[in-house]
Amino acid sequence: MANVQSLDPSASPLDYYGWELRRQREAHGLRQGQLGEIIFCTGSLIGQIETTKKVPTREFSERLDAALGTDGVFSRLVGLVLRSQLPSWFQPYAEMEARATYISTYQAQLVYGLLQTEEYARAVLATGMPDDLSGQVAARMERQRILEREQPPLAWTVLDEAVLHRPIGGREVMRNQLARLLEFTGHRWMRIQVLPFAAGEHSSLAGSFNLLRFDDDPDLIYTEDLIAGHMTANPETVREAARRYAHLQAAALSIEDSAALIKRVMEERYGNRPKPEERAVA
């Protein structure tokens, strides 16, 4: 008989998920391959998730619930699992972000995480050479679920124009990413402005920052350096950040003009171009 890896369900959300998956599968009298056939994946994947070698996705979890009749157990667990895949220094911010009623962010280098496409996020996260890139991408996508709530946070994003021109992941990835930003034009809960190059020097040349507001808790400011993230509720820091953000919004293009610029960059910089052989024939 093959050795079966023992699991400690109290070790982490991922360990608990694997332990519960094995328990439920065995309770239904299914081998890994049999369950894989039911939910359209390999038995090997079932085994890897049971032994925490792979991180489950939300789609996988929903299929499990349907196949095993577990009343949403795995769909609820996967949220905890994916949040646990975020860098340890980032998890406190992600928890506060999920509770915020108002988010305002200035991004100098990259599209804000809540607005990234999966392909863009993958290209960004790959630069850190993580051990489990797929798990980190899934965790970032999971963060975006706060925008799908019946009443999501009101969010205001100011993107430096440089964000639009930096070709993260290549032309197709960037075209899809800018198209994603355009989907929020006229959105009830999300506003996007672009700070144009023409604005010159501005109030946040030092870099990106996020301001979170809550119904019952003090406002927070979040910044990142090369190694980690930092949150503070210091009133003076919060007031200074709010002042700087107001100046950024004033210097940025209007929401409508921002959308027009995003569309123009998308078409002119990342539009479909003929292949070399097609140009030669023309």
# chains A, B, ... in the order shown; residues from 1 in each chain; ligands from 1
>>> select_by_dssp(residues="range 42-210 of chain A", states="strand (DSSP E or B)", output="list of chain:residue names")
A:Tyr102, A:Ile103, A:Ser104, A:Thr105, A:Tyr106, A:Gln107, A:Leu154, A:Ala155, A:Trp156, A:Thr157, A:Val158, A:Leu159, A:Asp160, A:Met190, A:Arg191, A:Ile192, A:Gln193, A:Val194, A:Leu195, A:Phe209, A:Asn210
>>> write_last_selection(atoms="C-alpha atoms", output="PDB file, in the first residue's frame")
ATOM      1  CA  TYR A 102     -13.863  54.168   0.351  1.00  0.00           C
ATOM      2  CA  ILE A 103     -10.559  53.543  -1.441  1.00  0.00           C
ATOM      3  CA  SER A 104      -8.512  56.199  -3.163  1.00  0.00           C
ATOM      4  CA  THR A 105      -5.214  55.274  -4.775  1.00  0.00           C
ATOM      5  CA  TYR A 106      -2.476  56.909  -6.802  1.00  0.00           C
ATOM      6  CA  GLN A 107      -0.424  54.485  -8.888  1.00  0.00           C
ATOM      7  CA  LEU A 154     -16.421  53.457  -3.582  1.00  0.00           C
ATOM      8  CA  ALA A 155     -13.023  53.541  -5.266  1.00  0.00           C
ATOM      9  CA  TRP A 156     -11.138  56.356  -6.960  1.00  0.00           C
ATOM     10  CA  THR A 157      -7.975  55.587  -8.931  1.00  0.00           C
ATOM     11  CA  VAL A 158      -5.460  58.066 -10.320  1.00  0.00           C
ATOM     12  CA  LEU A 159      -2.998  56.425 -12.707  1.00  0.00           C
ATOM     13  CA  ASP A 160       0.143  58.139 -13.902  1.00  0.00           C
ATOM     14  CA  MET A 190     -15.159  52.972  -9.598  1.00  0.00           C
ATOM     15  CA  ARG A 191     -13.683  56.157 -11.022  1.00  0.00           C
ATOM     16  CA  ILE A 192     -10.440  56.260 -13.005  1.00  0.00           C
ATOM     17  CA  GLN A 193      -8.427  59.370 -13.849  1.00  0.00           C
ATOM     18  CA  VAL A 194      -5.080  59.655 -15.621  1.00  0.00           C
ATOM     19  CA  LEU A 195      -2.404  62.089 -14.500  1.00  0.00           C
ATOM     20  CA  PHE A 209      -0.041  55.375  -2.014  1.00  0.00           C
ATOM     21  CA  ASN A 210      -3.501  54.214  -0.984  1.00  0.00           C
TER      22      ASN A 210
END
>>> atom_distance(atom1="CA of Thr57 in chain A", atom2="CA of Val163 in chain A")
28.7 Å
>>> closest_residue(among="A:Leu21, A:Leu212, A:Ala259, A:Leu125", to="Phe184 in chain A", atoms="only C-alpha atoms")
A:Ala259
>>> closest_atom_pairs(of="range 221-248 of chain A", to="range 68-92 of chain A", cutoff="10 Å", atoms="only C-alpha atoms", output="JSON lines")
{"residue": "A:Glu224", "atom": "CA", "partner": "A:Phe90", "partner_atom": "CA", "distance": 9.5}
{"residue": "A:Ile227", "atom": "CA", "partner": "A:Trp89", "partner_atom": "CA", "distance": 9.0}
{"residue": "A:Ala228", "atom": "CA", "partner": "A:Trp89", "partner_atom": "CA", "distance": 6.0}
{"residue": "A:Gly229", "atom": "CA", "partner": "A:Phe90", "partner_atom": "CA", "distance": 6.3}
{"residue": "A:His230", "atom": "CA", "partner": "A:Trp89", "partner_atom": "CA", "distance": 8.5}
{"residue": "A:Met231", "atom": "CA", "partner": "A:Pro92", "partner_atom": "CA", "distance": 8.8}
>>> atom_distance(atom1="CA of Ser208 in chain A", atom2="CA of Ala108 in chain A")
5.4 Å
>>> residues_around(residues="Asn234 in chain A", least_positions_apart="4", cutoff="10 Å", atoms="only C-alpha atoms", output="list of chain:residue names")
A:Pro218, A:Asp219, A:Leu220, A:Ile221, A:Val238, A:Arg239
>>> closest_residue(among="A:Met141, A:Tyr245, A:Ser254, A:Ser134", to="Pro56 in chain A", atoms="only C-alpha atoms")
A:Ser134
>>> residues_around(residues="range 198-206 of chain A", least_positions_apart="3", cutoff="7 Å", atoms="only C-alpha atoms", output="PDB file with C-alpha atoms, in the first residue's frame")
ATOM      1  CA  LEU A 195      -2.404  62.089 -14.500  1.00  0.00           C
ATOM      2  CA  ARG A 244      -1.781  65.482  -1.793  1.00  0.00           C
ATOM      3  CA  HIS A 247      -3.971  67.958  -5.716  1.00  0.00           C
ATOM      4  CA  LEU A 248      -3.443  64.827  -7.823  1.00  0.00           C
ATOM      5  CA  ALA A 251      -4.097  67.901 -11.897  1.00  0.00           C
TER       6      ALA A 251
END
>>> select_by_dssp(residues="range 185-270 of chain A", states="helix (DSSP H, G or I)", output="VMD selection string")
chain A and resid 197 to 199 235 to 251 255 to 270
>>> closest_atom_pairs(of="range 52-134 of chain A", to="range 173-180 of chain A", cutoff="7 Å", atoms="only C-alpha atoms", output="CSV")
residue,atom,partner,partner_atom,distance
A:Gln116,CA,A:Gln177,CA,6.7
A:Thr117,CA,A:Gln177,CA,5.8
A:Glu119,CA,A:Val173,CA,6.2
A:Tyr120,CA,A:Val173,CA,6.1
>>> closest_residue(among="A:Ser12, A:Thr101, A:Gly135, A:Arg23", to="Arg149 in chain A", atoms="only C-alpha atoms")
A:Thr101
>>> atom_distance(atom1="CA of Glu183 in chain A", atom2="CA of Ala162 in chain A")
19.8 Å
>>> closest_residue(among="A:Glu236, A:Asp65, A:Arg143, A:Gly18", to="Leu45 in chain A", atoms="only C-alpha atoms")
A:Gly18
>>> residues_around(residues="Leu30 in chain A", least_positions_apart="5", cutoff="12 Å", atoms="only C-alpha atoms", output="PyMOL selection string")
chain A and resi 21-25+35-38+43+46+67-68
>>> closest_residue(among="A:Trp189, A:Phe197, A:Tyr222, A:Tyr270", to="Ile168 in chain A", atoms="only C-alpha atoms")
A:Tyr270
